[in-house]
Amino acid sequence: MSHVVGNTALAYARTWHSVNAEGRILGKLAQRIAIVLMGKHKPIFDRGVDCGDYVTVTNAKLVRVTGRKADQILYRSHSGYPGGLKEVPYKTMMEKKPEEIIRKAVSGMLPKNKLREKRLARLRVYEGEENPMQGNVMRRWADGQVPGPLPPRTFADKLQ
C-alpha cells in the first residue's frame with residue numbers, strides 16, 4: 001500500500017494574500033509580510049525550503065512610521081565608483097517610490113540567504129487602491145494579523 005506522508009503538492013500549494021497598508025505601521029506590516037513570504041504561518045515550515053505564499057500590498061503611499069523616523073530614515077545606495085554614494089530621505093522616497101519603501105523593509109526582515117530573492121519576487125506592492133492580482137487573492141488581512149491555516153472546506157462550500 002502506498003501512503004504519502006510529508007511533502008505533497010497540496011501541502012506546498014501557494015495562496016495569495018491581500019493587505020491594505022493604509023494607516024499601518026511600516027515595521028509591523030513588513031514583519032507580518034515576511035512571515036507569510038517565508039511560510040512560517042504554515043505547519044509544514046522548513047527554513048531550508050521555500051514554502052511561502054504570495055502577498056499583494058495596496059495603498060503603499062498611505063503607510064505610516066512612528067516617532068521621528070520620517071525625518072531620520074535614509075535609503076542608501078552605492079554605484080561602486082568613488083564618491084558614488086546616494087542617500088535619499090524617507091519623505092523623498094515616499095513621494096517618488098512608495099512601493100520601494102515597503103519592499104526594502106520586507107527585504108530587511110527576510111533571512112539573508114539564497115531564498116531571499118525568490119521570496120521577494122512573490123511580493124507585489126501597489127501605490128494605490130487598484131490591484132491587478134485581485135482575481136487570485138484568497139485571503140485578506142482585515143485586521144492586519146497574519147491568518148492561520150485555512151479552515152477545512154465542506155461539500156456545501158464547493159457548491160457556492
# chains A, B, ... in the order shown; residues from 1 in each chain; ligands from 1
$ select_by_dssp --residues "chain A" --states "alpha helix (DSSP H)" --output "ChimeraX atom specification"
/A:26-38,69-72,90-96,98-109,116-121,155-159
$ residues_around --residues "Arg47 in chain A" --least-positions-apart "3" --cutoff "10 Å" --atoms "only C-alpha atoms" --output "list in words"
Met38, Gly39, Lys40, Ile44, Asp50, Cys51, Pro111 and Leu115 of chain A
$ residues_around --residues "Glu99 in chain A" --least-positions-apart "3" --cutoff "8 Å" --atoms "only C-alpha atoms" --output "ChimeraX atom specification"
/A:60-61,102-103,125-127
$ select_by_dssp --residues "chain A" --states "strand (DSSP E)" --output "ChimeraX atom specification"
/A:16-20,54-58,74-78,85-89,123-125,139-140
$ atom_distance --atom1 "CA of Ala34 in chain A" --atom2 "CA of Val63 in chain A"
16.3 Å
